[in-house]
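This is run-v7.csv. It holds CSV, C-alpha atoms.
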chain,number,residue,atom,x,y,z
A,1,MET,CA,1.8,-35.9,-5.5
A,2,SER,CA,1.0,-33.5,-8.3
A,3,MET,CA,2.4,-30.0,-8.4
A,4,MET,CA,-1.1,-28.5,-7.9
A,5,GLN,CA,-1.6,-30.6,-4.8
A,6,THR,CA,1.7,-29.4,-3.5
A,7,PHE,CA,0.8,-25.8,-4.3
A,8,ARG,CA,-2.5,-26.1,-2.4
A,9,ARG,CA,-0.8,-27.7,0.6
A,10,ARG,CA,1.8,-24.9,0.6
A,11,ILE,CA,-0.9,-22.2,0.6
A,12,GLY,CA,-2.8,-24.0,3.3
A,13,ALA,CA,0.3,-24.4,5.5
A,14,ARG,CA,1.1,-20.7,5.1
A,15,ALA,CA,-2.4,-19.7,6.0
A,16,LEU,CA,-2.4,-21.8,9.1
A,17,ALA,CA,1.1,-20.5,10.1
A,18,SER,CA,-0.2,-17.0,9.8
A,19,LEU,CA,-3.1,-17.5,12.3
A,20,PRO,CA,-0.9,-17.0,15.4
A,21,ALA,CA,0.5,-13.8,13.9
A,22,LEU,CA,-3.1,-12.5,13.2
A,23,LEU,CA,-4.2,-13.4,16.7
A,24,GLY,CA,-1.2,-11.5,18.1
A,25,VAL,CA,-2.0,-8.5,16.0
A,26,ILE,CA,-5.6,-8.6,17.3
A,27,VAL,CA,-4.7,-8.8,20.9
A,28,PHE,CA,-1.9,-6.3,20.7
A,29,THR,CA,-4.1,-3.7,18.9
A,30,PHE,CA,-7.0,-4.3,21.3
A,31,VAL,CA,-4.9,-3.8,24.4
A,32,LEU,CA,-3.0,-0.8,22.9
A,33,MET,CA,-6.2,1.1,22.0
A,34,ARG,CA,-7.5,0.8,25.6
A,35,VAL,CA,-4.3,1.9,27.3
A,36,LEU,CA,-3.9,5.0,25.1
A,37,PRO,CA,-5.0,8.3,26.6
A,38,GLY,CA,-8.6,9.3,25.8
A,39,ASP,CA,-12.0,8.0,26.6
A,40,PRO,CA,-14.4,7.5,23.6
A,41,ALA,CA,-17.4,7.8,25.9
A,42,VAL,CA,-16.3,11.3,26.9
A,43,TYR,CA,-15.5,12.2,23.3
A,44,PHE,CA,-18.8,11.1,21.9
A,45,ALA,CA,-21.0,12.2,24.8
A,46,SER,CA,-23.6,14.8,23.5
A,47,GLY,CA,-22.2,18.2,24.2
A,48,PRO,CA,-19.3,19.5,26.2
A,49,ASN,CA,-21.4,19.7,29.4
A,50,ALA,CA,-22.5,16.1,29.4
A,51,GLY,CA,-23.0,14.7,32.9
A,52,GLN,CA,-21.3,11.7,34.4
A,53,ALA,CA,-24.5,9.7,34.2
A,54,GLU,CA,-24.7,10.2,30.4
A,55,ILE,CA,-21.0,9.3,30.1
A,56,ASP,CA,-21.5,6.1,32.2
A,57,GLY,CA,-24.5,5.2,30.1
A,58,LEU,CA,-22.5,5.5,26.9
A,59,ARG,CA,-19.7,3.5,28.3
A,60,HIS,CA,-22.1,0.7,29.2
A,61,LYS,CA,-23.6,0.8,25.8
A,62,MET,CA,-20.2,0.5,24.2
A,63,GLY,CA,-19.2,-2.3,26.6
A,64,LEU,CA,-16.3,-0.3,28.0
A,65,ASP,CA,-17.4,-1.0,31.6
A,66,ARG,CA,-16.7,-4.7,31.2
A,67,PRO,CA,-13.4,-6.4,32.2
A,68,MET,CA,-10.9,-6.3,29.3
A,69,PRO,CA,-10.8,-10.1,28.8
A,70,ILE,CA,-14.5,-10.1,28.3
A,71,GLN,CA,-14.3,-7.2,25.8
A,72,LEU,CA,-11.6,-9.1,23.9
A,73,ALA,CA,-13.6,-12.3,23.8
A,74,HIS,CA,-16.6,-10.4,22.4
A,75,TYR,CA,-14.4,-8.7,19.8
A,76,VAL,CA,-12.7,-11.9,18.7
A,77,ALA,CA,-16.1,-13.6,18.4
A,78,GLY,CA,-17.3,-10.7,16.3
A,79,ILE,CA,-14.3,-11.0,14.0
A,80,MET,CA,-15.1,-14.7,13.5
A,81,THR,CA,-18.5,-13.7,12.1
A,82,GLY,CA,-17.3,-10.8,10.0
A,83,ASP,CA,-18.4,-8.2,12.5
A,84,LEU,CA,-15.7,-5.6,13.2
A,85,GLY,CA,-18.0,-3.4,15.3
A,86,ASN,CA,-19.5,0.0,14.5
A,87,SER,CA,-17.7,3.3,14.0
A,88,LEU,CA,-18.9,6.0,16.3
A,89,THR,CA,-17.5,8.6,13.9
A,90,THR,CA,-19.5,7.6,10.8
A,91,GLY,CA,-22.3,5.6,12.5
A,92,GLN,CA,-21.7,2.7,10.0
A,93,PRO,CA,-20.4,-0.8,10.5
A,94,VAL,CA,-16.6,-0.8,10.2
A,95,MET,CA,-16.8,-3.6,7.6
A,96,HIS,CA,-19.0,-1.4,5.5
A,97,ASP,CA,-16.7,1.6,5.8
A,98,ILE,CA,-13.6,-0.4,4.9
A,99,GLN,CA,-15.3,-2.0,1.9
A,100,ALA,CA,-16.3,1.5,0.6
A,101,ARG,CA,-12.9,3.0,1.1
A,102,LEU,CA,-10.5,0.2,0.3
A,103,PRO,CA,-10.8,0.4,-3.5
A,104,ALA,CA,-9.7,4.1,-3.3
A,105,SER,CA,-6.6,3.1,-1.3
A,106,LEU,CA,-5.8,0.2,-3.6
A,107,GLU,CA,-6.3,2.2,-6.8
A,108,LEU,CA,-3.9,4.9,-5.5
A,109,THR,CA,-1.3,2.4,-4.2
A,110,LEU,CA,-1.3,0.2,-7.2
A,111,THR,CA,-1.0,3.2,-9.6
A,112,ALA,CA,1.8,4.7,-7.5
A,113,LEU,CA,3.6,1.3,-7.4
A,114,GLY,CA,3.2,1.0,-11.2
A,115,LEU,CA,4.7,4.4,-11.8
A,116,SER,CA,7.5,3.8,-9.4
A,117,LEU,CA,8.4,0.5,-11.2
A,118,LEU,CA,8.4,2.3,-14.5
A,119,LEU,CA,11.0,4.6,-13.1
A,120,SER,CA,13.0,2.4,-10.7
A,121,LEU,CA,13.6,-0.6,-12.9
A,122,PRO,CA,15.3,1.4,-15.8
A,123,LEU,CA,17.2,3.6,-13.3
A,124,GLY,CA,18.4,0.5,-11.4
A,125,ILE,CA,19.5,-1.2,-14.6
A,126,VAL,CA,21.4,1.9,-15.8
A,127,SER,CA,23.0,2.4,-12.4
A,128,ALA,CA,24.1,-1.3,-12.2
A,129,TRP,CA,25.4,-1.4,-15.8
A,130,TYR,CA,27.4,1.8,-15.4
A,131,ALA,CA,28.4,1.2,-11.8
A,132,ASN,CA,30.5,3.9,-10.2
A,133,SER,CA,30.1,6.2,-13.2
A,134,ARG,CA,28.6,9.7,-13.3
A,135,TRP,CA,25.3,8.1,-14.3
A,136,ASP,CA,25.4,5.9,-11.3
A,137,GLN,CA,26.2,8.8,-8.9
A,138,CYS,CA,23.4,10.9,-10.3
A,139,ILE,CA,20.8,8.1,-10.0
A,140,ARG,CA,21.9,7.4,-6.4
A,141,THR,CA,21.7,11.1,-5.5
A,142,LEU,CA,18.2,11.3,-7.0
A,143,CYS,CA,17.1,8.3,-4.9
A,144,THR,CA,18.5,9.8,-1.8
A,145,ILE,CA,16.7,13.1,-2.4
A,146,CYS,CA,13.4,11.4,-3.1
A,147,PHE,CA,13.7,9.3,0.0
A,148,CYS,CA,14.7,12.2,2.3
A,149,ILE,CA,11.8,14.4,1.3
A,150,PRO,CA,8.6,13.6,3.3
A,151,PRO,CA,5.6,12.7,1.2
A,152,PHE,CA,3.5,15.6,2.4
A,153,VAL,CA,6.2,18.1,1.5
A,154,SER,CA,6.5,16.7,-2.1
A,155,ALA,CA,2.7,16.6,-2.3
A,156,ILE,CA,2.4,20.3,-1.4
A,157,PHE,CA,5.2,21.2,-3.8
A,158,LEU,CA,3.5,19.3,-6.7
A,159,ILE,CA,0.2,21.0,-5.9
A,160,TYR,CA,1.8,24.4,-5.9
A,161,VAL,CA,3.7,23.9,-9.2
A,162,PHE,CA,1.2,21.9,-11.3
A,163,TYR,CA,-2.1,23.1,-10.0
A,164,TYR,CA,-1.5,26.6,-8.6
A,165,ILE,CA,1.1,27.9,-11.0
A,166,PHE,CA,0.5,26.0,-14.3
A,167,GLY,CA,-3.0,24.8,-13.8
A,168,LEU,CA,-2.2,21.5,-15.5
A,169,VAL,CA,-4.2,19.2,-13.1
A,170,PRO,CA,-7.6,19.5,-11.5
A,171,ASP,CA,-8.4,20.5,-7.9
A,172,PRO,CA,-6.7,18.1,-5.5
A,173,THR,CA,-9.9,17.3,-3.7
A,174,GLY,CA,-10.7,13.6,-3.8
A,175,ARG,CA,-11.1,10.9,-6.4
A,176,ILE,CA,-13.4,12.8,-8.8
A,177,ASN,CA,-14.7,16.2,-9.5
A,178,ILE,CA,-18.1,16.9,-7.8
A,179,PHE,CA,-19.7,17.8,-11.1
A,180,THR,CA,-18.6,14.5,-12.8
A,181,PRO,CA,-21.2,11.7,-12.4
A,182,LEU,CA,-19.8,8.5,-10.9
A,183,PRO,CA,-19.8,5.3,-13.0
A,184,HIS,CA,-21.7,2.3,-12.1
A,185,ASP,CA,-19.9,0.6,-9.2
A,186,ILE,CA,-18.5,-2.6,-10.7
A,187,THR,CA,-15.0,-2.9,-9.2
A,188,GLY,CA,-14.7,0.2,-7.0
A,189,PHE,CA,-11.7,1.3,-9.1
A,190,LEU,CA,-12.8,4.5,-10.9
A,191,LEU,CA,-10.4,4.1,-13.8
A,192,VAL,CA,-11.6,0.5,-14.4
A,193,ASP,CA,-15.3,1.3,-14.0
A,194,PHE,CA,-15.1,4.3,-16.4
A,195,LEU,CA,-13.5,2.0,-19.0
A,196,LEU,CA,-16.1,-0.7,-18.5
A,197,THR,CA,-19.0,1.8,-18.8
A,198,GLY,CA,-17.4,3.4,-21.9
A,199,ASP,CA,-16.9,6.9,-20.5
A,200,PRO,CA,-13.6,8.3,-21.7
A,201,ALA,CA,-14.3,11.8,-20.4
A,202,GLY,CA,-14.9,10.4,-16.9
A,203,TRP,CA,-11.8,8.3,-17.1
A,204,ARG,CA,-9.6,11.4,-18.0
A,205,GLU,CA,-11.1,13.2,-15.1
A,206,ALA,CA,-10.4,10.4,-12.7
A,207,ALA,CA,-6.9,10.0,-14.1
A,208,GLY,CA,-6.2,13.7,-13.6
A,209,GLN,CA,-7.3,13.5,-10.0
A,210,LEU,CA,-5.2,10.4,-9.4
A,211,LEU,CA,-2.0,11.7,-11.1
A,212,LEU,CA,-0.5,13.9,-8.4
A,213,PRO,CA,-1.1,11.7,-5.3
A,214,ALA,CA,0.2,8.7,-7.3
A,215,VAL,CA,3.4,10.6,-8.3
A,216,THR,CA,3.9,11.7,-4.7
A,217,MET,CA,3.8,8.2,-3.4
A,218,ALA,CA,5.9,6.9,-6.4
A,219,LEU,CA,8.7,9.3,-5.7
A,220,PHE,CA,8.8,8.3,-2.0
A,221,VAL,CA,9.3,4.6,-2.8
A,222,LEU,CA,11.6,5.2,-5.8
A,223,SER,CA,14.7,4.8,-3.7
A,224,PRO,CA,14.3,1.3,-2.2
A,225,LEU,CA,13.1,-0.2,-5.5
A,226,THR,CA,16.0,1.4,-7.5
A,227,ARG,CA,18.6,0.5,-5.0
A,228,MET,CA,17.5,-3.2,-4.7
A,229,THR,CA,17.4,-3.4,-8.5
A,230,ARG,CA,20.9,-2.1,-8.7
A,231,ALA,CA,22.3,-4.3,-5.9
A,232,SER,CA,20.6,-7.4,-7.3
A,233,LEU,CA,21.8,-6.8,-10.8
A,234,LEU,CA,25.4,-6.1,-9.6
A,235,THR,CA,25.4,-9.5,-8.0
A,236,VAL,CA,24.2,-11.2,-11.1
A,237,MET,CA,26.5,-9.3,-13.5
A,238,ASN,CA,29.5,-10.7,-11.7
A,239,SER,CA,28.5,-14.2,-12.6
A,240,ASP,CA,30.3,-16.3,-15.1
A,241,PHE,CA,27.4,-16.6,-17.6
A,242,ILE,CA,27.1,-12.8,-17.9
A,243,ARG,CA,30.9,-12.5,-18.6
A,244,THR,CA,30.5,-15.3,-21.2
A,245,ALA,CA,27.6,-13.4,-22.8
A,246,ARG,CA,29.6,-10.3,-23.0
A,247,ALA,CA,32.6,-12.2,-24.5
A,248,MET,CA,30.3,-13.6,-27.1
A,249,GLY,CA,29.4,-10.1,-28.2
A,250,LEU,CA,25.7,-10.3,-27.4
A,251,PRO,CA,23.8,-7.0,-27.4
A,252,THR,CA,23.6,-5.1,-24.1
A,253,TRP,CA,19.8,-5.1,-24.0
A,254,ARG,CA,19.7,-8.9,-24.5
A,255,ILE,CA,22.2,-9.5,-21.7
A,256,VAL,CA,20.4,-7.2,-19.3
A,257,THR,CA,16.8,-8.2,-20.0
A,258,VAL,CA,17.1,-11.9,-21.0
A,259,TYR,CA,19.9,-13.1,-18.7
A,260,ALA,CA,20.7,-10.6,-15.9
A,261,LEU,CA,17.3,-9.2,-15.0
A,262,ARG,CA,15.5,-12.5,-15.0
A,263,ASN,CA,18.0,-14.0,-12.6
A,264,ALA,CA,17.9,-10.9,-10.4
A,265,LEU,CA,14.1,-10.8,-10.0
A,266,SER,CA,13.8,-12.8,-6.8
A,267,PRO,CA,15.0,-10.1,-4.3
A,268,ILE,CA,13.3,-7.4,-6.4
A,269,LEU,CA,10.0,-9.2,-6.0
A,270,THR,CA,10.5,-9.4,-2.3
A,271,THR,CA,11.2,-5.7,-2.1
A,272,ILE,CA,8.1,-4.9,-4.2
A,273,GLY,CA,5.9,-6.9,-1.8
A,274,ILE,CA,7.3,-5.1,1.2
A,275,VAL,CA,7.0,-1.7,-0.5
A,276,PHE,CA,3.4,-2.3,-1.5
A,277,SER,CA,2.4,-3.3,2.0
A,278,THR,CA,4.1,-0.3,3.4
A,279,MET,CA,2.5,2.1,0.9
A,280,LEU,CA,-1.0,0.8,1.6
A,281,GLY,CA,-0.7,1.5,5.4
A,282,ALA,CA,1.6,4.6,5.3
A,283,ASN,CA,-0.1,6.7,2.7
A,284,VAL,CA,-2.2,8.5,5.3
A,285,LEU,CA,-0.4,11.9,4.8
A,286,VAL,CA,-0.9,11.7,1.0
A,287,GLU,CA,-4.6,10.9,1.5
A,288,LYS,CA,-5.0,13.8,3.9
A,289,VAL,CA,-3.3,16.3,1.6
A,290,PHE,CA,-5.3,15.3,-1.4
A,291,SER,CA,-8.6,14.6,0.5
A,292,TRP,CA,-8.4,11.0,-0.8
A,293,PRO,CA,-11.2,8.9,0.8
A,294,GLY,CA,-9.0,5.9,1.6
A,295,VAL,CA,-8.8,3.5,4.6
A,296,ALA,CA,-5.6,5.2,6.0
A,297,SER,CA,-7.3,8.6,6.4
A,298,TYR,CA,-10.4,6.8,7.8
A,299,ALA,CA,-8.3,5.1,10.5
A,300,LEU,CA,-6.5,8.4,11.4
A,301,ASP,CA,-9.8,10.2,11.9
A,302,ALA,CA,-10.9,7.4,14.1
A,303,LEU,CA,-7.7,7.4,16.1
A,304,VAL,CA,-8.0,11.2,16.8
A,305,ALA,CA,-11.6,10.6,18.0
A,306,SER,CA,-10.6,7.6,20.1
A,307,ASP,CA,-12.9,5.5,18.0
A,308,TYR,CA,-11.6,2.0,18.7
A,309,ALA,CA,-13.3,-0.2,16.2
A,310,PRO,CA,-12.1,1.5,12.9
A,311,VAL,CA,-8.5,1.6,14.1
A,312,GLN,CA,-8.6,-2.1,15.1
A,313,GLY,CA,-10.3,-3.0,11.8
A,314,PHE,CA,-7.7,-1.1,9.8
A,315,ILE,CA,-4.7,-2.7,11.5
A,316,LEU,CA,-6.3,-6.2,11.1
A,317,LEU,CA,-6.8,-5.4,7.4
A,318,MET,CA,-3.2,-4.4,7.0
A,319,ALA,CA,-2.0,-7.6,8.7
A,320,ILE,CA,-4.2,-9.7,6.4
A,321,LEU,CA,-3.0,-7.9,3.3
A,322,PHE,CA,0.6,-8.2,4.4
A,323,ILE,CA,0.3,-11.9,4.7
A,324,MET,CA,-1.5,-12.2,1.4
A,325,VAL,CA,1.2,-10.1,-0.4
A,326,ASN,CA,4.0,-12.2,1.2
A,327,LEU,CA,2.3,-15.4,0.0
A,328,LEU,CA,1.9,-14.0,-3.5
A,329,VAL,CA,5.5,-13.0,-3.6
A,330,ASP,CA,6.5,-16.6,-2.6
A,331,ILE,CA,4.4,-17.9,-5.5
A,332,LEU,CA,5.8,-15.5,-8.0
A,333,GLN,CA,9.4,-16.4,-6.9
A,334,GLY,CA,8.6,-20.0,-7.6
A,335,LEU,CA,7.4,-19.1,-11.1
A,336,VAL,CA,10.3,-16.8,-12.1
A,337,ASP,CA,13.1,-18.9,-10.5
A,338,PRO,CA,12.9,-22.7,-11.0
A,339,ARG,CA,15.5,-23.2,-8.3
A,340,VAL,CA,12.8,-22.3,-5.7
A,341,SER,CA,11.2,-25.6,-4.9
A,342,MET,CA,7.4,-25.7,-4.5
A,343,GLU,CA,7.9,-28.0,-1.6

Here is the file; what I need is its structure written in the form of structure tokens.
Amino acid sequence: MSMMQTFRRRIGARALASLPALLGVIVFTFVLMRVLPGDPAVYFASGPNAGQAEIDGLRHKMGLDRPMPIQLAHYVAGIMTGDLGNSLTTGQPVMHDIQARLPASLELTLTALGLSLLLSLPLGIVSAWYANSRWDQCIRTLCTICFCIPPFVSAIFLIYVFYYIFGLVPDPTGRINIFTPLPHDITGFLLVDFLLTGDPAGWREAAGQLLLPAVTMALFVLSPLTRMTRASLLTVMNSDFIRTARAMGLPTWRIVTVYALRNALSPILTTIGIVFSTMLGANVLVEKVFSWPGVASYALDALVASDYAPVQGFILLMAILFIMVNLLVDILQGLVDPRVSME
């Protein structure tokens, strides 16, 4: 059997193994939304003085008067056909809303993850190489501070300093200035679309809007990435081949980048996957502070309004993305570490 066939079988096996987990997420979320306090029929009834007959009619229209197993069966059948229901808050299908908002969340999350990696990898390397030194203590203190500060606090602080005091960034009100024309929708990522359409001014405007929310999220996840890099490198640096490389007088940068870091990548990749999945679902506070039109803020607004369908669609999306990220991490581990068998 060729490696490609083994690779495809592994992906297929992981996809099949994830189906029970997805089904469990669907059932758990469906039941949880219906046992929480609040009645969407009462919330969306026209006017505060809506009569019981109007509320009952809305409940019947929404299917809430049916037994819960029948509601669940209809919901699962809709998922199989790509129908996640309609949002009562926006009046649009949930699938349409998610497709419109997901690129904004992905662009913010990927940018924040990239900024965090640019900081955490060098900090983790320095902390591991100079373990128990003043450099190590300063880096560990910085990571603790970044992890302890809630994202909305650091977001407000960054807005106050860089927008209100110094005026170095544009208004923290969404992905783009209202006076800047949007590019042609090619990928949904504004930075990419502005580059593809050849609009450098629009790209700078979008990058300026993206900077503060991305830095806010990057600071929050700086600690786990730095600490895992440090711990993984410390384990590798105690190996015989690292001591041999040092004894041979190889340059420090070559020992770290060519030998130590490459052999320490496996746990770092796992941490990156976990951090990315967590950021995508937990960036609701950042999206709210910066008026970022992402899926997390969309789900929070629906939850406040007892709008079931968007919340269920959001949690299902997060579960699917989490499974996909884990599968991608497994594949990358097999590429960076030949000791990980494809079988």

Mind listing as a PDB file with C-alpha atoms, in the frame of the given file all residues within 12 Å of (-15.6, -0.4, 7.7), counting all atoms listed in the file?
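Saved the output as result-v5.pdb:
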ATOM      1  CA  GLY A  82     -17.300 -10.800  10.000  1.00  0.00           C
ATOM      2  CA  ASP A  83     -18.400  -8.200  12.500  1.00  0.00           C
ATOM      3  CA  LEU A  84     -15.700  -5.600  13.200  1.00  0.00           C
ATOM      4  CA  GLY A  85     -18.000  -3.400  15.300  1.00  0.00           C
ATOM      5  CA  ASN A  86     -19.500   0.000  14.500  1.00  0.00           C
ATOM      6  CA  SER A  87     -17.700   3.300  14.000  1.00  0.00           C
ATOM      7  CA  LEU A  88     -18.900   6.000  16.300  1.00  0.00           C
ATOM      8  CA  THR A  89     -17.500   8.600  13.900  1.00  0.00           C
ATOM      9  CA  THR A  90     -19.500   7.600  10.800  1.00  0.00           C
ATOM     10  CA  GLY A  91     -22.300   5.600  12.500  1.00  0.00           C
ATOM     11  CA  GLN A  92     -21.700   2.700  10.000  1.00  0.00           C
ATOM     12  CA  PRO A  93     -20.400  -0.800  10.500  1.00  0.00           C
ATOM     13  CA  VAL A  94     -16.600  -0.800  10.200  1.00  0.00           C
ATOM     14  CA  MET A  95     -16.800  -3.600   7.600  1.00  0.00           C
ATOM     15  CA  HIS A  96     -19.000  -1.400   5.500  1.00  0.00           C
ATOM     16  CA  ASP A  97     -16.700   1.600   5.800  1.00  0.00           C
ATOM     17  CA  ILE A  98     -13.600  -0.400   4.900  1.00  0.00           C
ATOM     18  CA  GLN A  99     -15.300  -2.000   1.900  1.00  0.00           C
ATOM     19  CA  ALA A 100     -16.300   1.500   0.600  1.00  0.00           C
ATOM     20  CA  ARG A 101     -12.900   3.000   1.100  1.00  0.00           C
ATOM     21  CA  LEU A 102     -10.500   0.200   0.300  1.00  0.00           C
ATOM     22  CA  GLY A 294      -9.000   5.900   1.600  1.00  0.00           C
ATOM     23  CA  VAL A 295      -8.800   3.500   4.600  1.00  0.00           C
ATOM     24  CA  ALA A 296      -5.600   5.200   6.000  1.00  0.00           C
ATOM     25  CA  TYR A 298     -10.400   6.800   7.800  1.00  0.00           C
ATOM     26  CA  ALA A 299      -8.300   5.100  10.500  1.00  0.00           C
ATOM     27  CA  ALA A 302     -10.900   7.400  14.100  1.00  0.00           C
ATOM     28  CA  TYR A 308     -11.600   2.000  18.700  1.00  0.00           C
ATOM     29  CA  ALA A 309     -13.300  -0.200  16.200  1.00  0.00           C
ATOM     30  CA  PRO A 310     -12.100   1.500  12.900  1.00  0.00           C
ATOM     31  CA  VAL A 311      -8.500   1.600  14.100  1.00  0.00           C
ATOM     32  CA  GLN A 312      -8.600  -2.100  15.100  1.00  0.00           C
ATOM     33  CA  GLY A 313     -10.300  -3.000  11.800  1.00  0.00           C
ATOM     34  CA  PHE A 314      -7.700  -1.100   9.800  1.00  0.00           C
ATOM     35  CA  ILE A 315      -4.700  -2.700  11.500  1.00  0.00           C
ATOM     36  CA  LEU A 316      -6.300  -6.200  11.100  1.00  0.00           C
ATOM     37  CA  LEU A 317      -6.800  -5.400   7.400  1.00  0.00           C
TER      38      LEU A 317
END

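Between Asp136 (chain A) and the candidates A:Leu300, A:Ile268, A:Arg230, A:Phe241, the tightest atom-to-atom separation, counting only C-alpha atoms, involves A:Arg230.
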
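One finds CA of Ile255 (chain A) at 9.7 Å from CA of Arg243 (chain A).
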
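Take the candidates A:Ile331, A:Cys146, A:Ile11, A:Val304 and check each one against Ala218 (chain A) using all atoms listed in the file; the shortest distance goes to A:Cys146.
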
- Name the closest residue to Leu335 (chain A) among the candidates A:Ser291, A:Met237, A:Gln71, A:Leu265; distances are taken between atoms, counting only C-alpha atoms. A:Leu265

Atom completion result for region 15-21 of chain A (all heavy atoms) as an mmCIF file, in the coordinates of the input:
data_model
loop_
_atom_site.group_PDB
_atom_site.id
_atom_site.type_symbol
_atom_site.label_atom_id
_atom_site.label_comp_id
_atom_site.auth_asym_id
_atom_site.auth_seq_id
_atom_site.Cartn_x
_atom_site.Cartn_y
_atom_site.Cartn_z
ATOM 1 N N ALA A 15 -1.252 -20.332 5.350
ATOM 2 C CA ALA A 15 -2.400 -19.700 6.000
ATOM 3 C C ALA A 15 -2.537 -20.112 7.439
ATOM 4 O O ALA A 15 -2.828 -19.280 8.307
ATOM 5 C CB ALA A 15 -3.685 -20.096 5.204
ATOM 6 N N LEU A 16 -2.307 -21.392 7.733
ATOM 7 C CA LEU A 16 -2.400 -21.800 9.100
ATOM 8 C C LEU A 16 -1.247 -21.228 9.957
ATOM 9 O O LEU A 16 -1.445 -20.850 11.119
ATOM 10 C CB LEU A 16 -2.296 -23.369 9.184
ATOM 11 C CG LEU A 16 -3.519 -24.129 8.662
ATOM 12 C CD1 LEU A 16 -3.251 -25.638 8.685
ATOM 13 C CD2 LEU A 16 -4.757 -23.797 9.490
ATOM 14 N N ALA A 17 -0.067 -21.103 9.355
ATOM 15 C CA ALA A 17 1.100 -20.500 10.100
ATOM 16 C C ALA A 17 0.850 -19.045 10.376
ATOM 17 O O ALA A 17 1.454 -18.503 11.323
ATOM 18 C CB ALA A 17 2.345 -20.721 9.291
ATOM 19 N N SER A 18 0.004 -18.380 9.593
ATOM 20 C CA SER A 18 -0.200 -17.000 9.800
ATOM 21 C C SER A 18 -1.272 -16.683 10.891
ATOM 22 O O SER A 18 -1.384 -15.541 11.360
ATOM 23 C CB SER A 18 -0.695 -16.304 8.501
ATOM 24 O OG SER A 18 -1.955 -16.818 8.090
ATOM 25 N N LEU A 19 -2.018 -17.698 11.302
ATOM 26 C CA LEU A 19 -3.100 -17.500 12.300
ATOM 27 C C LEU A 19 -2.521 -16.977 13.641
ATOM 28 O O LEU A 19 -3.097 -16.047 14.220
ATOM 29 C CB LEU A 19 -3.879 -18.769 12.497
ATOM 30 C CG LEU A 19 -4.757 -19.186 11.313
ATOM 31 C CD1 LEU A 19 -5.513 -20.465 11.641
ATOM 32 C CD2 LEU A 19 -5.738 -18.070 10.964
ATOM 33 N N PRO A 20 -1.431 -17.556 14.190
ATOM 34 C CA PRO A 20 -0.900 -17.000 15.400
ATOM 35 C C PRO A 20 -0.477 -15.516 15.301
ATOM 36 O O PRO A 20 -0.671 -14.725 16.226
ATOM 37 C CB PRO A 20 0.308 -17.889 15.742
ATOM 38 C CG PRO A 20 0.005 -19.170 15.051
ATOM 39 C CD PRO A 20 -0.724 -18.786 13.804
ATOM 40 N N ALA A 21 0.083 -15.169 14.136
ATOM 41 C CA ALA A 21 0.500 -13.800 13.900
ATOM 42 C C ALA A 21 -0.760 -12.861 13.912
ATOM 43 O O ALA A 21 -0.753 -11.763 14.511
ATOM 44 C CB ALA A 21 1.250 -13.622 12.632
#
